[in-house]
>>> print(open('final.cif').read())   # mmCIF, C-alpha atoms and all ligand atoms
data_start
#
loop_
_atom_site.label_atom_id
_atom_site.label_comp_id
_atom_site.auth_asym_id
_atom_site.auth_seq_id
_atom_site.Cartn_x
_atom_site.Cartn_y
_atom_site.Cartn_z
CA MET A 97 3.60 -21.68 17.19
CA ASN A 98 5.88 -18.96 18.49
CA ALA A 99 7.64 -16.33 16.39
CA LEU A 100 10.92 -18.27 16.29
CA GLU A 101 9.12 -21.33 14.93
CA ILE A 102 7.25 -19.26 12.34
CA ALA A 103 10.55 -17.64 11.34
CA ARG A 104 11.97 -21.13 10.80
CA LEU A 105 9.02 -21.88 8.48
CA VAL A 106 9.72 -18.67 6.57
CA ARG A 107 13.42 -19.57 6.22
CA ASP A 108 12.41 -22.89 4.64
CA TRP A 109 10.49 -20.94 1.99
CA ALA A 110 13.34 -18.53 1.30
CA PRO A 111 16.63 -20.12 2.24
CA GLY A 112 19.62 -17.82 1.93
CA ILE A 113 17.68 -14.62 2.61
CA ALA A 114 18.53 -13.09 5.99
CA PRO A 115 16.77 -9.70 5.97
CA LYS A 116 17.70 -6.96 8.41
CA ILE A 117 15.11 -4.63 6.88
CA GLY A 118 11.35 -5.19 6.98
CA VAL A 119 8.75 -3.18 5.09
CA VAL A 120 4.99 -3.02 5.64
CA LEU A 121 3.14 -2.09 2.46
CA GLY A 122 -0.09 -0.19 2.98
CA SER A 123 -3.22 0.23 0.87
CA GLY A 124 -2.44 0.39 -2.82
CA LEU A 125 1.32 0.33 -2.19
CA GLY A 126 1.87 -3.38 -2.81
CA GLY A 127 3.52 -2.52 -6.16
CA PHE A 128 6.79 -2.08 -4.27
CA ALA A 129 6.96 -5.87 -3.98
CA ASP A 130 7.56 -5.98 -7.76
CA ARG A 131 10.91 -4.25 -7.20
CA ILE A 132 12.13 -7.16 -5.09
CA GLU A 133 14.59 -9.44 -6.90
CA ASP A 134 14.77 -13.20 -6.31
CA ALA A 135 11.37 -12.77 -4.65
CA GLN A 136 9.89 -15.63 -2.65
CA ALA A 137 6.31 -14.99 -1.54
CA VAL A 138 4.75 -16.79 1.40
CA PRO A 139 0.95 -16.41 1.61
CA TYR A 140 -0.20 -15.25 5.06
CA GLY A 141 -2.54 -18.24 5.00
CA ASP A 142 0.50 -20.52 5.38
CA LEU A 143 1.83 -18.64 8.40
CA PRO A 144 0.10 -19.25 11.76
CA GLY A 145 -1.07 -16.08 13.48
CA PHE A 146 -0.76 -13.94 10.38
CA PRO A 147 -3.88 -11.91 9.53
CA ARG A 148 -6.45 -13.02 7.03
CA SER A 149 -6.98 -9.52 5.73
CA GLY A 150 -10.28 -8.80 4.10
CA VAL A 151 -9.49 -5.28 2.92
CA SER A 152 -9.35 -4.77 -0.82
CA GLY A 153 -6.05 -3.29 -1.94
CA HIS A 154 -4.08 -5.64 0.33
CA ALA A 155 -2.43 -8.80 -1.01
CA GLY A 156 -1.63 -10.75 2.15
CA GLU A 157 1.80 -12.23 1.58
CA LEU A 158 5.28 -12.03 3.03
CA VAL A 159 7.75 -11.39 0.22
CA LEU A 160 11.45 -12.07 0.78
CA GLY A 161 14.23 -11.10 -1.58
CA ARG A 162 16.70 -8.36 -2.44
CA ILE A 163 16.61 -4.69 -3.45
CA GLY A 164 19.91 -3.72 -5.05
CA GLY A 165 21.53 -6.66 -3.28
CA VAL A 166 20.08 -5.68 0.13
CA GLU A 167 17.95 -8.40 1.70
CA VAL A 168 14.42 -7.37 2.65
CA ALA A 169 11.23 -8.89 3.99
CA ALA A 170 8.06 -7.14 2.88
CA LEU A 171 4.69 -7.60 4.52
CA SER A 172 2.42 -6.95 1.57
CA GLY A 173 -0.94 -6.38 3.19
CA ARG A 174 -1.72 -5.50 6.77
CA ALA A 175 -4.63 -6.02 9.10
CA HIS A 176 -6.23 -2.97 10.66
CA PHE A 177 -7.70 -2.38 14.07
CA TYR A 178 -11.07 -1.66 12.46
CA GLU A 179 -11.38 -5.20 11.09
CA HIS A 180 -11.90 -6.94 14.43
CA GLY A 181 -11.24 -4.27 17.06
CA ASN A 182 -7.91 -5.87 17.96
CA PRO A 183 -4.91 -3.51 18.08
CA ARG A 184 -2.59 -6.57 18.16
CA GLU A 185 -3.51 -7.79 14.64
CA MET A 186 0.07 -7.25 13.43
CA ALA A 187 1.83 -8.54 16.56
CA VAL A 188 2.71 -11.97 15.09
CA PRO A 189 4.00 -10.66 11.73
CA ILE A 190 6.15 -8.07 13.50
CA ALA A 191 7.47 -10.59 16.03
CA THR A 192 8.23 -12.93 13.12
CA LEU A 193 10.25 -10.25 11.34
CA ALA A 194 12.20 -9.63 14.55
CA ALA A 195 12.81 -13.39 14.88
CA LEU A 196 14.06 -13.46 11.29
CA GLY A 197 16.71 -10.92 12.25
CA VAL A 198 15.00 -7.75 11.05
CA GLU A 199 16.29 -4.68 12.93
CA THR A 200 14.68 -1.86 10.96
CA LEU A 201 10.99 -1.73 10.12
CA ILE A 202 9.73 0.67 7.45
CA LEU A 203 5.98 1.26 7.68
CA THR A 204 3.89 2.76 4.88
CA ASN A 205 0.28 3.83 4.71
CA ALA A 206 -2.24 5.88 2.79
CA ALA A 207 -3.31 9.00 4.63
CA GLY A 208 -5.30 12.19 4.40
CA SER A 209 -3.33 15.42 4.61
CA LEU A 210 -4.31 18.30 6.87
CA ARG A 211 -2.06 20.71 5.01
CA GLU A 212 -3.33 22.18 1.75
CA GLU A 213 0.20 22.51 0.40
CA VAL A 214 0.83 18.77 0.91
CA GLY A 215 -1.73 17.38 -1.47
CA SER A 216 -2.64 14.08 -3.05
CA GLY A 217 0.43 12.33 -4.44
CA SER A 218 2.79 13.72 -1.81
CA VAL A 219 4.85 11.48 0.42
CA MET A 220 5.12 12.48 4.10
CA MET A 221 7.71 11.08 6.48
CA ILE A 222 6.15 10.54 9.90
CA THR A 223 8.08 12.34 12.65
CA ASP A 224 5.75 11.50 15.52
CA HIS A 225 2.19 10.36 16.11
CA VAL A 226 -0.96 10.85 18.15
CA ALA A 227 -2.99 7.71 18.97
CA LEU A 228 -6.77 7.96 19.09
CA GLY A 229 -7.24 4.24 19.66
CA PRO A 230 -6.29 1.56 22.18
CA ASN A 231 -2.68 0.65 22.86
CA PRO A 232 -1.63 -2.77 21.46
CA LEU A 233 0.43 -3.49 24.58
CA ILE A 234 -2.59 -3.52 26.90
CA GLY A 235 -2.58 -6.94 28.57
CA VAL A 236 1.08 -7.62 27.80
CA GLY A 237 3.19 -8.42 30.85
CA GLY A 238 6.67 -7.39 31.90
CA ASP A 239 8.36 -4.06 32.42
CA GLU A 240 9.25 -3.90 28.71
CA ARG A 241 5.64 -2.89 28.07
CA PHE A 242 6.46 0.60 29.33
CA VAL A 243 7.99 1.51 25.99
CA SER A 244 9.45 4.99 25.59
CA MET A 245 7.89 6.72 22.61
CA VAL A 246 10.44 9.54 22.48
CA ASP A 247 12.05 9.34 19.05
CA ALA A 248 9.82 6.37 18.19
CA TYR A 249 10.48 7.28 14.56
CA HIS A 250 14.26 6.89 14.65
CA PRO A 251 16.05 10.23 14.12
CA GLY A 252 19.08 8.63 12.44
CA LEU A 253 16.84 6.74 10.03
CA ARG A 254 14.89 9.90 9.32
CA ALA A 255 18.11 11.73 8.47
CA LEU A 256 19.12 8.84 6.21
CA ALA A 257 15.71 8.90 4.51
CA ARG A 258 16.01 12.64 3.94
CA GLU A 259 19.41 12.14 2.26
CA ALA A 260 18.08 9.24 0.20
CA ALA A 261 15.02 11.25 -0.92
CA ASP A 262 17.14 14.25 -1.90
CA ALA A 263 19.57 12.08 -3.83
CA ALA A 264 16.71 10.28 -5.61
CA GLY A 265 14.91 13.56 -6.35
CA VAL A 266 11.82 12.54 -4.38
CA GLU A 267 10.06 15.41 -2.62
CA LEU A 268 9.42 14.47 0.99
CA ALA A 269 7.16 16.30 3.43
CA GLU A 270 7.38 15.64 7.18
CA GLY A 271 4.79 15.66 9.89
CA VAL A 272 2.75 14.18 12.70
CA TYR A 273 0.35 11.34 11.91
CA MET A 274 -2.82 10.97 13.89
CA TRP A 275 -4.38 7.53 14.13
CA PHE A 276 -8.16 7.34 13.90
CA THR A 277 -9.62 3.85 14.23
CA GLY A 278 -11.85 4.05 11.13
CA PRO A 279 -13.37 2.44 9.19
CA SER A 280 -15.61 5.46 8.69
CA PHE A 281 -13.61 8.49 7.61
CA GLU A 282 -13.30 11.45 9.95
CA THR A 283 -15.91 14.16 10.21
CA PRO A 284 -14.92 17.68 9.20
CA ALA A 285 -15.10 18.61 12.92
CA GLU A 286 -12.65 15.81 13.77
CA ILE A 287 -10.31 17.07 11.08
CA ARG A 288 -10.45 20.57 12.58
CA MET A 289 -9.70 18.98 15.97
CA ALA A 290 -6.75 17.05 14.55
CA ARG A 291 -5.29 20.26 13.12
CA VAL A 292 -5.63 22.02 16.48
CA LEU A 293 -3.93 19.06 18.17
CA GLY A 294 -0.90 19.34 15.93
CA ALA A 295 -1.50 16.62 13.35
CA ASP A 296 -0.39 16.95 9.75
CA ALA A 297 -2.02 13.78 8.43
CA VAL A 298 -4.66 11.28 9.49
CA GLY A 299 -5.02 7.57 8.84
CA MET A 300 -6.30 4.23 10.10
CA SER A 301 -3.12 2.20 10.61
CA THR A 302 0.58 2.26 11.45
CA VAL A 303 0.44 3.53 15.04
CA PRO A 304 -0.26 0.12 16.63
CA GLU A 305 2.53 -1.33 14.47
CA THR A 306 4.99 1.33 15.56
CA ILE A 307 4.25 0.58 19.21
CA LEU A 308 4.52 -3.20 18.66
CA ALA A 309 7.77 -2.75 16.74
CA ARG A 310 9.31 -0.53 19.43
CA HIS A 311 8.30 -3.15 22.01
CA ALA A 312 10.05 -5.77 19.87
CA GLY A 313 13.19 -3.60 19.84
CA LEU A 314 12.97 -2.65 16.16
CA ARG A 315 13.94 0.76 14.78
CA VAL A 316 11.01 2.37 12.97
CA LEU A 317 10.76 4.62 9.94
CA ALA A 318 7.34 5.44 8.46
CA PHE A 319 5.92 7.15 5.39
CA SER A 320 2.43 8.25 4.41
CA MET A 321 1.24 8.31 0.83
CA ILE A 322 -1.12 11.27 0.79
CA THR A 323 -4.25 10.31 -1.13
CA ASN A 324 -6.55 13.21 -0.26
CA LEU A 325 -7.04 16.27 1.88
CA GLY A 326 -8.84 15.69 5.17
CA ALA A 327 -12.62 15.55 5.36
CA GLY A 328 -14.25 18.93 4.91
CA MET A 329 -11.16 20.58 3.45
CA THR A 330 -12.46 20.35 -0.11
CA GLY A 331 -16.20 19.89 0.32
CA ARG A 332 -16.03 16.51 -1.41
CA ALA A 333 -16.90 13.16 0.18
CA LEU A 334 -14.04 10.72 0.85
CA SER A 335 -14.01 7.12 -0.37
CA HIS A 336 -11.90 3.98 -0.13
CA ALA A 337 -11.95 3.81 -3.93
CA GLU A 338 -10.23 7.21 -4.06
CA THR A 339 -7.70 6.11 -1.41
CA LYS A 340 -6.79 2.99 -3.41
CA HIS A 341 -6.68 4.83 -6.72
CA GLU A 342 -4.53 7.70 -5.46
CA ALA A 343 -2.21 5.39 -3.48
CA THR A 344 -1.63 3.26 -6.56
CA ALA A 345 -1.11 6.40 -8.68
CA GLY A 346 1.53 7.65 -6.24
CA GLY A 347 2.97 4.19 -5.70
CA ALA A 348 5.88 4.74 -8.08
CA ARG A 349 7.07 7.75 -6.05
CA MET A 350 6.76 5.83 -2.78
CA GLY A 351 8.46 2.83 -4.40
CA ALA A 352 11.38 4.95 -5.62
CA LEU A 353 11.78 6.42 -2.14
CA LEU A 354 11.64 3.02 -0.42
CA GLU A 355 14.17 1.59 -2.83
CA ALA A 356 16.51 4.54 -2.28
CA VAL A 357 16.17 4.20 1.50
CA VAL A 358 16.79 0.44 1.43
CA ARG A 359 19.86 0.81 -0.79
CA ARG A 360 21.26 3.54 1.44
CA LEU A 361 20.54 1.55 4.59
CA GLY A 362 22.28 -1.44 3.07
CA ALA A 363 25.30 0.69 2.17
CA THR A 364 25.74 2.14 5.67
CA ALA A 365 26.15 0.57 9.07
CA ARG A 366 23.56 2.90 10.60
N1 LIG A 401 -8.59 9.56 6.70
C1 LIG A 401 -8.25 8.37 7.22
N2 LIG A 401 -7.59 7.45 6.57
C2 LIG A 401 -7.21 7.72 5.31
C3 LIG A 401 -7.53 8.94 4.70
C4 LIG A 401 -8.24 9.92 5.44
O1 LIG A 401 -8.56 11.03 4.98
N3 LIG A 401 -7.01 8.89 3.45
C5 LIG A 401 -6.42 7.68 3.31
N4 LIG A 401 -6.52 6.98 4.44
#
>>> encode(input="final.cif", output="structure tokens")
Amino acid sequence: MNALEIARLVRDWAPGIAPKIGVVLGSGLGGFADRIEDAQAVPYGDLPGFPRSGVSGHAGELVLGRIGGVEVAALSGRAHFYEHGNPREMAVPIATLAALGVETLILTNAAGSLREEVGSGSVMMITDHVALGPNPLIGVGGDERFVSMVDAYHPGLRALAREAADAAGVELAEGVYMWFTGPSFETPAEIRMARVLGADAVGMSTVPETILARHAGLRVLAFSMITNLGAGMTGRALSHAETKHEATAGGARMGALLEAVVRRLGATAR
């Protein structure tokens, strides 16, 4: 089944919803889906080519509905490269969003901060990234594969998000996200390397999705929920339990920001 056919399936589940905004909800951030009004949830299991995610903290459903009257499609639960070693895990969901008419994709994740002053509970807007894993467009044909990654995180959307955050009273850091494949956390030496290379946060997702989304012609905006400081910065061991707990604890702040961004996007023609 191609993306257009899957999009038709989705429309049958949620007739009357024509979202221009898509959101990918990362680890522990699924609570945002509760803010969606008139929500219709389609389990990934009913959508061909969607991931069967095995990571705890991820629901695995496509939720369609409205935020303040603005139509949205939220991918609650993502697949990661580290599950099967395939950087294209999210290709079908992203292509499906594009086929549904989505033009703007907002990506969220949980991440470790490399800056002491941006601690657990902070939200960081991603301004750029460094990929330490394979490109999801390897093996894809056509000249469109040579995607420009200048301004991959759309400057106009970033300005809009900044305004929305200020108006909503949500503190928003900014920085470069470095993608490590995981699933083991980084070593302290890798964290020192990441700092030298100009990263502000590290995580195990998002970058393949940004590249896939840019290839699909979508505008991208991305936010990290900071759940910890990078390995070795505190002397404590890292754990997935901490990631989930801290992401859920900060979820209300991320949710408020996402809602403010969606409302503002809906109110402007940007
Ligand atoms: N490293 C990688 N991924 C993460 C981290 C981290 O420190 N925290 C949450 N996700």
>>> residues_around(input="final.cif", residues="A:Ala191", least_positions_apart="2", cutoff="12 Å", atoms="only C-alpha atoms", output="VMD selection string")
chain A and resid 97 to 103 118 145 to 146 184 to 189 193 to 199 201 305 308 to 314
>>> residues_near_ligand(input="final.cif", ligand="ligand LIG 401 (chain A)", cutoff="7 Å", atoms="all atoms listed in the file", output="PyMOL selection string")
chain A and resi 206-209+276+278+281-282+298-300+322-327+334+339
>>> residues_around(input="final.cif", residues="stretch 172-178 of chain A", least_positions_apart="5", cutoff="9 Å", atoms="all atoms listed in the file", output="number ranges by chain")
A: 119-123, 125-129, 146-151, 153-159, 183-186, 229, 277-279, 300-302, 304
>>> closest_atom_pairs(input="final.cif", of="stretch 292-331 of chain A", to="stretch 244-257 of chain A", cutoff="8 Å", atoms="only C-alpha atoms", output="Markdown table")
| residue | atom | partner | partner_atom | distance |
| --- | --- | --- | --- | --- |
| A:Thr306 | CA | A:Ala248 | CA | 7.5 |
| A:Ile307 | CA | A:Met245 | CA | 7.9 |
| A:Arg310 | CA | A:Ala248 | CA | 7.0 |
| A:Arg315 | CA | A:His250 | CA | 6.1 |
| A:Val316 | CA | A:Tyr249 | CA | 5.2 |
| A:Leu317 | CA | A:Tyr249 | CA | 5.3 |
| A:Ala318 | CA | A:Tyr249 | CA | 7.1 |
>>> write_last_selection(input="final.cif", atoms="C-alpha atoms", output="mmCIF file, in the frame of the given file")
data_model
loop_
_atom_site.group_PDB
_atom_site.id
_atom_site.type_symbol
_atom_site.label_atom_id
_atom_site.label_comp_id
_atom_site.auth_asym_id
_atom_site.auth_seq_id
_atom_site.Cartn_x
_atom_site.Cartn_y
_atom_site.Cartn_z
ATOM 1 C CA THR A 306 4.990 1.330 15.560
ATOM 2 C CA ILE A 307 4.250 0.580 19.210
ATOM 3 C CA ARG A 310 9.310 -0.530 19.430
ATOM 4 C CA ARG A 315 13.940 0.760 14.780
ATOM 5 C CA VAL A 316 11.010 2.370 12.970
ATOM 6 C CA LEU A 317 10.760 4.620 9.940
ATOM 7 C CA ALA A 318 7.340 5.440 8.460
#
>>> closest_residue(input="final.cif", among="A:Thr364, A:Gly346, A:Arg288, A:Ala169", to="A:Gly215", atoms="all atoms listed in the file")
A:Gly346
>>> atom_distance(input="final.cif", atom1="atom CA of A:Tyr273", atom2="atom CA of A:Ala297")
4.9 Å
>>> closest_residue(input="final.cif", among="A:Met274, A:Leu143, A:Val166, A:Ala345", to="A:Ala290", atoms="all atoms listed in the file")
A:Met274
